[in-house]
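Participant: Sharing a structure below in C-alpha coordinates format, with a few things to ask.
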Amino acid sequence: MPLEERIGKYEIRRLLGTGATSSVYLAWDPFNQREVALKRIDPVYFKPPHRGRLFRQLLVNEASLAGKLKHPHIVQIYDAVVDTDDAYVAMEYVPGGTLEALTHRGKLAPLERVIEIIFKCTRALDHAFHKGIIHRDIKPANILLSTAEGNDIRITDFGSAFQATSDATQIANLGSPAYMSPQQVREIQIDHRSDIYSLGVVMYQLLTGHLPFECDSSYNLIYCIANETPPPVTEYRPEIPEELEAIVHRAMDKDVEHRYQNWTEFSHDLTLAFRNCVLKSDQEALPETEKFRFLRTLPFFNKFPDVELWETIGFSQWDQFRPGTVILKEGEAGDHFSFLVEGEANVKRNRALLGVLTPGDCFGEIALFSAGKGVRSASVEATTKVRLVTIRKHALERASDACRMHFYQSFLTVLATRLSLASSRIANSEV
(Lines give C-alpha, C1' and ligand atoms only; values in the text may rest on other atoms or scores of the structure.)
Protein backbone atom coordinates (compact mmCIF):
# COMPACT_ATOMS: atom_id res chain seq x y z
CA MET A 1 0.00 0.00 0.00
CA PRO A 2 1.59 3.33 -1.08
CA LEU A 3 2.29 5.96 1.56
CA GLU A 4 0.19 9.08 1.73
CA GLU A 5 2.06 12.12 0.52
CA ARG A 6 0.86 14.30 3.36
CA ILE A 7 -0.79 14.01 6.75
CA GLY A 8 -2.09 17.42 7.68
CA LYS A 9 0.68 19.93 7.02
CA TYR A 10 3.41 17.27 7.21
CA GLU A 11 5.10 15.79 4.13
CA ILE A 12 5.53 12.03 4.59
CA ARG A 13 8.96 10.69 3.67
CA ARG A 14 8.97 7.08 4.85
CA LEU A 15 7.55 4.61 7.34
CA LEU A 16 9.72 4.23 10.44
CA GLY A 17 7.77 1.48 12.16
CA THR A 18 4.41 0.11 13.18
CA GLY A 19 2.97 -0.84 16.56
CA ALA A 20 -0.17 -2.59 17.74
CA THR A 21 -2.35 0.48 17.21
CA SER A 22 -0.27 3.09 15.40
CA SER A 23 2.33 3.77 12.74
CA VAL A 24 5.28 6.15 12.95
CA TYR A 25 6.49 8.07 9.91
CA LEU A 26 9.48 10.24 9.17
CA ALA A 27 7.93 13.49 8.00
CA TRP A 28 9.00 16.99 7.06
CA ASP A 29 7.56 20.07 8.76
CA PRO A 30 7.72 22.76 6.03
CA PHE A 31 6.77 25.56 8.42
CA ASN A 32 9.57 24.91 10.92
CA GLN A 33 11.98 23.39 8.40
CA ARG A 34 12.74 20.24 10.36
CA GLU A 35 12.26 16.49 10.30
CA VAL A 36 9.73 15.07 12.74
CA ALA A 37 8.47 11.66 13.77
CA LEU A 38 4.73 11.53 13.15
CA LYS A 39 2.81 8.95 15.18
CA ARG A 40 -0.64 8.27 13.78
CA ILE A 41 -3.32 6.06 15.30
CA ASP A 42 -4.66 3.54 12.78
CA PRO A 43 -8.11 4.85 11.76
CA VAL A 44 -9.65 1.38 12.26
CA TYR A 45 -9.37 1.89 16.04
CA PHE A 46 -11.71 4.89 15.91
CA LYS A 47 -14.70 2.88 14.63
CA PRO A 48 -15.80 1.15 17.88
CA PRO A 49 -16.97 4.17 19.95
CA HIS A 50 -15.52 3.00 23.28
CA ARG A 51 -12.10 2.10 21.86
CA GLY A 52 -12.07 5.26 19.76
CA ARG A 53 -12.52 7.38 22.88
CA LEU A 54 -9.74 5.44 24.64
CA PHE A 55 -7.19 5.92 21.86
CA ARG A 56 -8.06 9.58 21.45
CA GLN A 57 -7.60 10.00 25.18
CA LEU A 58 -4.16 8.34 25.04
CA LEU A 59 -3.01 10.62 22.24
CA VAL A 60 -4.40 13.71 23.95
CA ASN A 61 -2.70 12.54 27.13
CA GLU A 62 0.66 12.37 25.36
CA ALA A 63 0.18 15.70 23.60
CA SER A 64 -0.82 17.42 26.84
CA LEU A 65 2.65 16.77 28.25
CA ALA A 66 4.34 18.87 25.56
CA GLY A 67 4.81 21.86 27.81
CA LYS A 68 5.46 19.89 30.98
CA LEU A 69 8.28 17.54 30.07
CA LYS A 70 11.30 19.41 28.77
CA HIS A 71 14.31 17.22 29.43
CA PRO A 72 17.29 16.21 27.27
CA HIS A 73 16.37 12.53 27.64
CA ILE A 74 12.64 12.84 26.90
CA VAL A 75 11.30 13.15 23.34
CA GLN A 76 9.89 16.59 22.67
CA ILE A 77 6.28 16.87 21.51
CA TYR A 78 5.75 19.58 18.89
CA ASP A 79 2.16 19.31 17.73
CA ALA A 80 -0.97 17.14 17.85
CA VAL A 81 -4.22 16.80 15.95
CA VAL A 82 -7.14 14.81 17.35
CA ASP A 83 -10.54 14.82 15.64
CA THR A 84 -13.37 12.38 15.03
CA ASP A 85 -11.67 10.26 12.36
CA ASP A 86 -7.96 10.98 12.62
CA ALA A 87 -5.35 11.49 15.34
CA TYR A 88 -1.61 12.04 15.18
CA VAL A 89 1.18 13.66 17.12
CA ALA A 90 4.37 15.24 15.76
CA MET A 91 7.46 14.81 17.88
CA GLU A 92 11.24 15.05 17.86
CA TYR A 93 12.83 12.64 15.39
CA VAL A 94 15.45 10.44 17.08
CA PRO A 95 17.30 8.51 14.34
CA GLY A 96 19.17 5.76 16.23
CA GLY A 97 16.30 3.28 16.56
CA THR A 98 15.01 1.75 19.78
CA LEU A 99 16.76 0.01 22.64
CA GLU A 100 15.37 -3.30 21.35
CA ALA A 101 18.47 -3.58 19.15
CA LEU A 102 20.59 -4.07 22.29
CA THR A 103 18.43 -6.80 23.83
CA HIS A 104 19.40 -9.62 21.48
CA ARG A 105 21.84 -12.29 22.62
CA GLY A 106 25.08 -11.88 20.71
CA LYS A 107 24.52 -8.12 20.36
CA LEU A 108 24.57 -7.12 24.03
CA ALA A 109 26.19 -3.82 24.92
CA PRO A 110 29.23 -3.50 27.22
CA LEU A 111 28.33 -3.16 30.89
CA GLU A 112 29.44 0.48 31.02
CA ARG A 113 27.09 1.37 28.16
CA VAL A 114 24.15 -0.39 29.82
CA ILE A 115 24.79 1.47 33.09
CA GLU A 116 24.98 4.84 31.33
CA ILE A 117 21.77 4.24 29.37
CA ILE A 118 19.81 3.15 32.44
CA PHE A 119 21.24 6.07 34.44
CA LYS A 120 19.96 8.55 31.84
CA CYS A 121 16.56 6.85 31.95
CA THR A 122 16.42 7.29 35.74
CA ARG A 123 17.15 11.02 35.40
CA ALA A 124 14.46 11.47 32.75
CA LEU A 125 11.86 9.55 34.77
CA ASP A 126 12.83 11.44 37.91
CA HIS A 127 12.09 14.67 36.02
CA ALA A 128 8.70 13.26 35.01
CA PHE A 129 8.04 12.12 38.58
CA HIS A 130 8.63 15.63 39.92
CA LYS A 131 6.06 16.84 37.38
CA GLY A 132 3.59 14.32 38.83
CA ILE A 133 3.86 11.92 35.88
CA ILE A 134 4.20 8.11 35.92
CA HIS A 135 5.03 6.61 32.50
CA ARG A 136 3.46 3.12 33.02
CA ASP A 137 4.85 1.62 29.80
CA ILE A 138 8.64 1.57 30.17
CA LYS A 139 10.14 -0.96 27.75
CA PRO A 140 12.99 -1.03 25.19
CA ALA A 141 10.64 -0.05 22.35
CA ASN A 142 9.87 3.21 24.17
CA ILE A 143 13.51 4.17 24.71
CA LEU A 144 15.16 5.66 21.64
CA LEU A 145 18.86 5.95 20.80
CA SER A 146 20.11 9.22 19.32
CA THR A 147 22.55 7.15 17.24
CA ALA A 148 22.81 3.38 16.83
CA GLU A 149 26.26 3.33 18.45
CA GLY A 150 25.75 6.04 21.07
CA ASN A 151 24.59 6.16 24.69
CA ASP A 152 22.34 9.21 24.40
CA ILE A 153 18.67 8.26 24.79
CA ARG A 154 15.17 9.73 24.65
CA ILE A 155 12.17 8.22 26.41
CA THR A 156 9.03 8.35 24.33
CA ASP A 157 5.35 7.29 24.30
CA PHE A 158 3.85 8.92 27.36
CA GLY A 159 0.37 8.09 26.07
CA SER A 160 -0.20 5.66 28.92
CA ALA A 161 1.16 8.09 31.51
CA PHE A 162 -0.78 8.79 34.68
CA GLN A 163 -0.71 12.36 35.93
CA ALA A 164 -0.94 12.34 39.70
CA THR A 165 -1.73 16.04 39.75
CA SER A 166 -4.77 15.73 37.47
CA ASP A 167 -8.32 14.63 38.19
CA ALA A 168 -8.04 11.70 35.77
CA THR A 169 -8.32 8.15 37.07
CA GLN A 170 -5.90 5.43 36.12
CA ILE A 171 -6.85 3.33 33.12
CA ALA A 172 -6.48 -0.40 33.69
CA ASN A 173 -4.68 -2.85 31.41
CA LEU A 174 -2.25 -0.32 29.95
CA GLY A 175 1.40 -1.20 29.47
CA SER A 176 3.34 -4.16 28.12
CA PRO A 177 2.85 -7.28 30.29
CA ALA A 178 6.46 -8.50 30.25
CA TYR A 179 7.62 -5.19 31.79
CA MET A 180 4.73 -4.62 34.21
CA SER A 181 5.31 -4.54 37.95
CA PRO A 182 3.51 -7.00 40.25
CA GLN A 183 1.31 -4.12 41.39
CA GLN A 184 0.44 -3.26 37.79
CA VAL A 185 -0.55 -6.81 36.78
CA ARG A 186 -2.74 -7.02 39.89
CA GLU A 187 -4.32 -3.66 38.95
CA ILE A 188 -3.37 -2.21 42.33
CA GLN A 189 -2.97 1.56 42.62
CA ILE A 190 0.58 2.31 41.46
CA ASP A 191 3.14 5.06 41.85
CA HIS A 192 6.59 5.84 40.42
CA ARG A 193 7.98 2.64 41.95
CA SER A 194 6.10 0.69 39.27
CA ASP A 195 8.21 2.50 36.65
CA ILE A 196 11.30 1.64 38.72
CA TYR A 197 10.38 -2.05 38.46
CA SER A 198 9.82 -1.77 34.70
CA LEU A 199 13.19 -0.09 34.17
CA GLY A 200 14.73 -2.89 36.25
CA VAL A 201 13.27 -5.38 33.75
CA VAL A 202 14.76 -3.36 30.87
CA MET A 203 18.15 -3.42 32.61
CA TYR A 204 17.84 -7.20 33.17
CA GLN A 205 17.16 -7.69 29.47
CA LEU A 206 20.01 -5.40 28.35
CA LEU A 207 22.44 -7.30 30.59
CA THR A 208 21.36 -10.83 29.67
CA GLY A 209 19.42 -10.86 26.40
CA HIS A 210 16.56 -12.53 28.30
CA LEU A 211 13.38 -11.31 29.92
CA PRO A 212 13.11 -12.20 33.62
CA PHE A 213 10.14 -14.44 32.82
CA GLU A 214 9.80 -16.11 29.43
CA CYS A 215 6.40 -17.80 29.50
CA ASP A 216 4.22 -19.52 26.91
CA SER A 217 1.04 -17.62 27.80
CA SER A 218 -0.06 -14.28 29.20
CA TYR A 219 -1.67 -16.04 32.17
CA ASN A 220 1.59 -17.79 33.10
CA LEU A 221 3.52 -14.56 32.61
CA ILE A 222 1.25 -12.61 34.94
CA TYR A 223 1.43 -15.39 37.53
CA CYS A 224 5.26 -15.40 37.39
CA ILE A 225 5.50 -11.62 37.69
CA ALA A 226 3.24 -11.69 40.74
CA ASN A 227 4.71 -14.75 42.46
CA GLU A 228 8.02 -16.06 41.09
CA THR A 229 11.65 -14.97 41.46
CA PRO A 230 13.55 -14.59 38.16
CA PRO A 231 16.94 -16.26 37.60
CA PRO A 232 19.86 -14.05 38.69
CA VAL A 233 21.48 -12.16 35.81
CA THR A 234 24.75 -14.01 36.46
CA GLU A 235 23.07 -17.27 35.45
CA TYR A 236 23.04 -15.93 31.89
CA ARG A 237 26.18 -13.80 32.04
CA PRO A 238 28.57 -14.87 34.84
CA GLU A 239 30.93 -11.91 34.41
CA ILE A 240 28.30 -9.41 35.58
CA PRO A 241 29.57 -7.84 38.83
CA GLU A 242 27.69 -8.48 42.05
CA GLU A 243 26.84 -4.80 42.42
CA LEU A 244 24.96 -4.76 39.10
CA GLU A 245 23.09 -7.92 40.06
CA ALA A 246 22.15 -6.24 43.36
CA ILE A 247 20.86 -3.14 41.53
CA VAL A 248 18.64 -5.21 39.22
CA HIS A 249 17.41 -7.31 42.14
CA ARG A 250 16.45 -4.28 44.21
CA ALA A 251 14.78 -2.46 41.31
CA MET A 252 12.69 -5.57 40.60
CA ASP A 253 11.82 -6.49 44.19
CA LYS A 254 8.21 -7.68 44.30
CA ASP A 255 7.67 -5.90 47.61
CA VAL A 256 7.28 -2.25 46.68
CA GLU A 257 8.64 -1.21 50.10
CA HIS A 258 11.90 -3.09 49.46
CA ARG A 259 12.31 -1.65 45.97
CA TYR A 260 14.20 1.59 45.32
CA GLN A 261 11.96 4.20 46.92
CA ASN A 262 12.94 6.98 44.54
CA TRP A 263 14.88 7.58 41.35
CA THR A 264 17.74 9.27 43.23
CA GLU A 265 18.57 6.04 45.09
CA PHE A 266 18.53 4.12 41.82
CA SER A 267 20.75 6.72 40.11
CA HIS A 268 23.20 6.79 43.02
CA ASP A 269 23.86 3.06 42.87
CA LEU A 270 24.26 3.20 39.09
CA THR A 271 26.83 5.97 39.50
CA LEU A 272 28.88 3.83 41.88
CA ALA A 273 28.61 0.83 39.55
CA PHE A 274 29.73 2.91 36.57
CA ARG A 275 32.69 4.26 38.54
CA ASN A 276 33.78 0.76 39.44
CA CYS A 277 33.41 -0.48 35.86
CA VAL A 278 35.57 2.39 34.62
CA LEU A 279 38.14 1.92 37.38
CA LYS A 280 38.34 -1.80 36.71
CA SER A 281 41.28 -2.23 34.40
CA ASP A 282 41.30 -4.27 31.24
CA GLN A 283 41.84 -7.87 32.17
CA GLU A 284 45.24 -9.24 31.36
CA ALA A 285 45.28 -12.69 29.81
CA LEU A 286 46.86 -14.53 32.73
CA PRO A 287 48.06 -18.01 31.77
CA GLU A 288 46.62 -20.85 33.82
CA THR A 289 50.10 -21.85 34.91
CA GLU A 290 50.46 -18.39 36.49
CA LYS A 291 47.06 -18.78 38.16
CA PHE A 292 48.22 -22.10 39.58
CA ARG A 293 51.40 -20.47 40.88
CA PHE A 294 49.43 -17.67 42.54
CA LEU A 295 47.02 -20.06 44.28
CA ARG A 296 49.84 -22.29 45.45
CA THR A 297 51.37 -19.30 47.31
CA LEU A 298 48.16 -18.62 49.27
CA PRO A 299 48.01 -20.27 52.74
CA PHE A 300 44.31 -21.02 52.22
CA PHE A 301 45.19 -23.56 49.49
CA ASN A 302 48.14 -25.20 51.26
CA LYS A 303 46.37 -28.56 51.69
CA PHE A 304 44.74 -28.65 48.25
CA PRO A 305 46.12 -31.42 46.00
CA ASP A 306 47.15 -30.28 42.52
CA VAL A 307 44.07 -31.78 40.89
CA GLU A 308 41.75 -29.74 43.12
CA LEU A 309 43.79 -26.60 42.57
CA TRP A 310 43.32 -26.99 38.82
CA GLU A 311 39.61 -27.60 39.42
CA THR A 312 39.43 -24.35 41.41
CA ILE A 313 41.07 -22.45 38.58
CA GLY A 314 38.37 -23.81 36.26
CA PHE A 315 35.45 -22.33 38.20
CA SER A 316 37.06 -19.18 39.64
CA GLN A 317 37.00 -15.64 38.26
CA TRP A 318 40.18 -13.51 38.10
CA ASP A 319 39.97 -9.72 38.13
CA GLN A 320 42.14 -6.67 38.53
CA PHE A 321 40.95 -3.39 40.08
CA ARG A 322 42.48 0.03 40.24
CA PRO A 323 42.90 2.05 43.46
CA GLY A 324 39.63 3.49 44.71
CA THR A 325 37.40 0.70 43.41
CA VAL A 326 34.69 -0.38 45.86
CA ILE A 327 34.94 -4.17 45.63
CA LEU A 328 32.24 -4.96 48.22
CA LYS A 329 29.60 -2.54 49.46
CA GLU A 330 28.29 -2.61 53.01
CA GLY A 331 24.61 -3.53 53.25
CA GLU A 332 24.36 -5.20 49.83
CA ALA A 333 23.62 -8.86 49.25
CA GLY A 334 26.32 -11.06 47.75
CA ASP A 335 26.81 -14.56 46.45
CA HIS A 336 30.60 -14.82 46.32
CA PHE A 337 33.82 -14.69 48.31
CA SER A 338 37.25 -13.52 47.18
CA PHE A 339 40.97 -13.88 47.84
CA LEU A 340 43.39 -11.01 47.54
CA VAL A 341 46.31 -12.20 45.41
CA GLU A 342 48.14 -8.90 44.90
CA GLY A 343 47.84 -5.41 46.41
CA GLU A 344 46.04 -4.02 49.46
CA ALA A 345 42.46 -3.04 50.33
CA ASN A 346 40.75 -1.36 53.28
CA VAL A 347 37.84 -2.88 55.18
CA LYS A 348 35.38 -0.25 56.44
CA ARG A 349 32.10 -0.18 58.34
CA ASN A 350 30.13 3.04 58.55
CA ARG A 351 33.21 4.67 56.95
CA ALA A 352 35.38 3.65 59.92
CA LEU A 353 38.50 1.63 59.08
CA LEU A 354 38.31 -1.92 60.48
CA GLY A 355 41.41 -3.39 58.93
CA VAL A 356 43.66 -3.82 55.91
CA LEU A 357 43.61 -6.80 53.58
CA THR A 358 46.90 -8.04 52.13
CA PRO A 359 47.80 -10.88 49.74
CA GLY A 360 46.44 -14.18 50.98
CA ASP A 361 43.46 -12.73 52.86
CA CYS A 362 39.96 -13.91 51.99
CA PHE A 363 36.79 -11.90 52.46
CA GLY A 364 33.06 -12.16 51.82
CA GLU A 365 32.66 -15.75 53.02
CA ILE A 366 30.84 -14.93 56.29
CA ALA A 367 27.85 -13.36 54.57
CA LEU A 368 27.89 -16.10 51.96
CA PHE A 369 27.63 -18.99 54.41
CA SER A 370 25.42 -17.28 57.00
CA ALA A 371 21.77 -18.24 57.49
CA GLY A 372 20.63 -14.77 56.38
CA LYS A 373 20.45 -13.27 52.90
CA GLY A 374 24.20 -12.81 52.47
CA VAL A 375 24.19 -9.12 53.35
CA ARG A 376 27.68 -7.62 53.52
CA SER A 377 28.57 -6.29 56.96
CA ALA A 378 31.42 -4.09 55.70
CA SER A 379 32.82 -2.49 52.55
CA VAL A 380 36.09 -3.39 50.87
CA GLU A 381 37.90 -0.71 48.82
CA ALA A 382 41.13 -1.14 46.87
CA THR A 383 43.92 1.17 48.05
CA THR A 384 46.40 -0.05 45.44
CA LYS A 385 46.06 -1.94 42.19
CA VAL A 386 44.78 -5.34 43.28
CA ARG A 387 44.30 -8.77 41.79
CA LEU A 388 41.43 -10.91 43.08
CA VAL A 389 40.30 -14.49 42.76
CA THR A 390 36.51 -14.66 43.13
CA ILE A 391 34.39 -17.77 43.61
CA ARG A 392 30.61 -17.68 43.38
CA LYS A 393 28.40 -19.80 45.58
CA HIS A 394 26.75 -21.69 42.71
CA ALA A 395 30.17 -22.51 41.22
CA LEU A 396 31.41 -23.98 44.52
CA GLU A 397 28.19 -25.98 44.88
CA ARG A 398 28.93 -27.66 41.54
CA ALA A 399 32.53 -28.53 42.50
CA SER A 400 33.58 -32.07 43.38
CA ASP A 401 32.94 -33.32 46.91
CA ALA A 402 36.67 -33.46 47.65
CA CYS A 403 37.24 -29.92 46.46
CA ARG A 404 34.33 -28.55 48.50
CA MET A 405 35.57 -30.42 51.58
CA HIS A 406 38.98 -28.75 51.31
CA PHE A 407 37.30 -25.34 51.01
CA TYR A 408 35.25 -25.95 54.15
CA GLN A 409 38.30 -27.21 56.08
CA SER A 410 40.28 -24.10 55.08
CA PHE A 411 37.40 -21.83 56.06
CA LEU A 412 37.36 -23.46 59.51
CA THR A 413 41.09 -22.71 59.85
CA VAL A 414 40.49 -19.07 58.82
CA LEU A 415 37.62 -18.75 61.30
CA ALA A 416 39.67 -20.28 64.12
CA THR A 417 42.54 -17.87 63.42
CA ARG A 418 40.19 -14.88 63.43
CA LEU A 419 38.58 -15.97 66.71
CA SER A 420 42.01 -16.41 68.28
CA LEU A 421 43.10 -12.93 67.19
CA ALA A 422 39.83 -11.42 68.44
CA SER A 423 40.26 -13.13 71.82
CA SER A 424 43.80 -11.80 72.10
CA ARG A 425 42.65 -8.24 71.35
CA ILE A 426 39.88 -8.51 73.96
CA ALA A 427 42.32 -9.91 76.54
CA ASN A 428 44.84 -7.13 75.87
CA SER A 429 42.17 -4.46 76.13
CA GLU A 430 41.14 -5.73 79.58
CA VAL A 431 44.66 -5.60 80.95
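Residues in the C-alpha coordinates are named by chain (A, B, ... in the order shown) and by number from 1 within that chain; ligands are numbered from 1 in the order shown.
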Skipping near chain neighbours, those fewer than 2 positions away, what residues fall within 6 Å of A:Asn142 using only C-alpha atoms, listed as a list in words?
Facilitator: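 These residues fall inside the cut-off: Lys139, Pro140, Ile155 and Thr156 of chain A.
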Participant: For stretch 26-35 of chain A, work out the shell of residues within 7 Å, counting only C-alpha atoms and skipping chain neighbours fewer than 2 positions away, then give it as a list in words.
Facilitator: Tyr10, Glu11, Ile12, Arg13, Arg14, Leu15, Leu16, Val24, Ala37, Leu38 and Tyr93 of chain A
Participant: Any idea what's packed within 12 Å of A:Ser181, counting only C-alpha atoms, ignoring anything in its chain fewer than 5 positions away? Could you give it as a ChimeraX atom specification?
Facilitator: /A:136-139,174-176,186-202,212,221-227,251-256,259
Participant: Got time to write the residues from that selection, N, CA and C atoms, as a tab-separated table (two decimals), in the first residue's frame?
Facilitator:
```
chain	number	residue	atom	x	y	z
A	136	ARG	N	4.30	4.34	33.04
A	136	ARG	CA	3.46	3.12	33.02
A	136	ARG	C	3.70	2.19	31.84
A	137	ASP	N	4.59	2.54	30.91
A	137	ASP	CA	4.85	1.62	29.80
A	137	ASP	C	6.33	1.68	29.41
A	138	ILE	N	7.20	1.58	30.42
A	138	ILE	CA	8.64	1.57	30.17
A	138	ILE	C	9.03	0.22	29.60
A	139	LYS	N	9.66	0.25	28.43
A	139	LYS	CA	10.14	-0.96	27.75
A	139	LYS	C	11.16	-0.52	26.70
A	174	LEU	N	-3.17	-1.02	30.83
A	174	LEU	CA	-2.25	-0.32	29.95
A	174	LEU	C	-0.83	-0.73	30.30
A	175	GLY	N	0.02	-0.79	29.26
A	175	GLY	CA	1.40	-1.20	29.47
A	175	GLY	C	1.68	-2.49	28.73
A	176	SER	N	2.92	-2.94	28.78
A	176	SER	CA	3.34	-4.16	28.12
A	176	SER	C	3.57	-5.22	29.18
A	186	ARG	N	-1.62	-6.78	38.97
A	186	ARG	CA	-2.74	-7.02	39.89
A	186	ARG	C	-3.75	-5.88	39.87
A	187	GLU	N	-3.46	-4.84	39.06
A	187	GLU	CA	-4.32	-3.66	38.95
A	187	GLU	C	-4.52	-2.98	40.29
A	188	ILE	N	-3.40	-2.95	41.07
A	188	ILE	CA	-3.37	-2.21	42.33
A	188	ILE	C	-2.93	-0.78	42.01
A	189	GLN	N	-3.39	0.17	42.81
A	189	GLN	CA	-2.97	1.56	42.62
A	189	GLN	C	-1.44	1.63	42.60
A	190	ILE	N	-0.87	2.28	41.60
A	190	ILE	CA	0.58	2.31	41.46
A	190	ILE	C	1.13	3.72	41.62
A	191	ASP	N	2.45	3.78	41.83
A	191	ASP	CA	3.14	5.06	41.85
A	191	ASP	C	4.44	4.91	41.05
A	192	HIS	N	5.36	5.85	41.22
A	192	HIS	CA	6.59	5.84	40.42
A	192	HIS	C	7.41	4.56	40.62
A	193	ARG	N	7.20	3.85	41.71
A	193	ARG	CA	7.98	2.64	41.95
A	193	ARG	C	7.60	1.51	40.99
A	194	SER	N	6.45	1.64	40.34
A	194	SER	CA	6.10	0.69	39.27
A	194	SER	C	7.00	0.92	38.06
A	195	ASP	N	7.27	2.20	37.73
A	195	ASP	CA	8.21	2.50	36.65
A	195	ASP	C	9.62	2.03	37.00
A	196	ILE	N	9.98	2.12	38.28
A	196	ILE	CA	11.30	1.64	38.72
A	196	ILE	C	11.42	0.14	38.44
A	197	TYR	N	10.38	-0.61	38.75
A	197	TYR	CA	10.38	-2.05	38.46
A	197	TYR	C	10.54	-2.28	36.95
A	198	SER	N	9.77	-1.57	36.15
A	198	SER	CA	9.82	-1.77	34.70
A	198	SER	C	11.19	-1.46	34.14
A	199	LEU	N	11.84	-0.40	34.64
A	199	LEU	CA	13.19	-0.09	34.17
A	199	LEU	C	14.18	-1.16	34.64
A	200	GLY	N	13.92	-1.76	35.80
A	200	GLY	CA	14.73	-2.89	36.25
A	200	GLY	C	14.64	-4.06	35.28
A	201	VAL	N	13.44	-4.31	34.73
A	201	VAL	CA	13.27	-5.38	33.75
A	201	VAL	C	14.05	-5.05	32.48
A	202	VAL	N	13.99	-3.78	32.06
A	202	VAL	CA	14.76	-3.36	30.87
A	202	VAL	C	16.25	-3.59	31.11
A	212	PRO	N	13.10	-11.47	32.35
A	212	PRO	CA	13.11	-12.20	33.62
A	212	PRO	C	12.21	-13.43	33.60
A	221	LEU	N	2.64	-15.71	32.42
A	221	LEU	CA	3.52	-14.56	32.61
A	221	LEU	C	3.06	-13.72	33.79
A	222	ILE	N	1.78	-13.42	33.85
A	222	ILE	CA	1.25	-12.61	34.94
A	222	ILE	C	1.43	-13.31	36.28
A	223	TYR	N	1.24	-14.63	36.29
A	223	TYR	CA	1.43	-15.39	37.53
A	223	TYR	C	2.89	-15.28	37.98
A	224	CYS	N	3.83	-15.46	37.04
A	224	CYS	CA	5.26	-15.40	37.39
A	224	CYS	C	5.65	-14.02	37.91
A	225	ILE	N	5.18	-12.98	37.25
A	225	ILE	CA	5.50	-11.62	37.69
A	225	ILE	C	5.01	-11.40	39.12
A	226	ALA	N	3.83	-11.92	39.42
A	226	ALA	CA	3.24	-11.69	40.74
A	226	ALA	C	3.83	-12.59	41.82
A	227	ASN	N	4.37	-13.77	41.43
A	227	ASN	CA	4.71	-14.75	42.46
A	227	ASN	C	6.12	-15.34	42.40
A	251	ALA	N	15.75	-3.16	42.16
A	251	ALA	CA	14.78	-2.46	41.31
A	251	ALA	C	13.56	-3.33	41.02
A	252	MET	N	13.77	-4.65	40.95
A	252	MET	CA	12.69	-5.57	40.60
A	252	MET	C	12.11	-6.31	41.81
A	253	ASP	N	12.38	-5.82	43.00
A	253	ASP	CA	11.82	-6.49	44.19
A	253	ASP	C	10.30	-6.47	44.12
A	254	LYS	N	9.67	-7.61	44.37
A	254	LYS	CA	8.21	-7.68	44.30
A	254	LYS	C	7.55	-6.82	45.37
A	255	ASP	N	8.19	-6.73	46.53
A	255	ASP	CA	7.67	-5.90	47.61
A	255	ASP	C	8.03	-4.45	47.32
A	256	VAL	N	7.03	-3.64	47.07
A	256	VAL	CA	7.28	-2.25	46.68
A	256	VAL	C	8.04	-1.48	47.75
A	259	ARG	N	11.79	-2.15	47.23
A	259	ARG	CA	12.31	-1.65	45.97
A	259	ARG	C	12.99	-0.30	46.21
```
Participant: Pick out the residues sitting within 12 Å of stretch 332-336 of chain A, and hand them over as an NGL selection string; count only C-alpha atoms, and ignore anything fewer than 5 positions along from it in its own chain.
Facilitator: :A and (232 or 234-235 or 238 or 241-250 or 269 or 316-317 or 327 or 362-370 or 372-380 or 388-397)
Participant: Measure the distance from atom CA of A:Thr358 to atom CA of A:Thr384 in Å and round it to one decimal.
Facilitator: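 So the two atoms, atom CA of A:Thr358 and atom CA of A:Thr384, lie 10.4 Å apart.
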Participant: So what do you get for atom CA of A:Lys9 versus atom CA of A:Leu144, distance-wise?
Facilitator: 25.0 Å
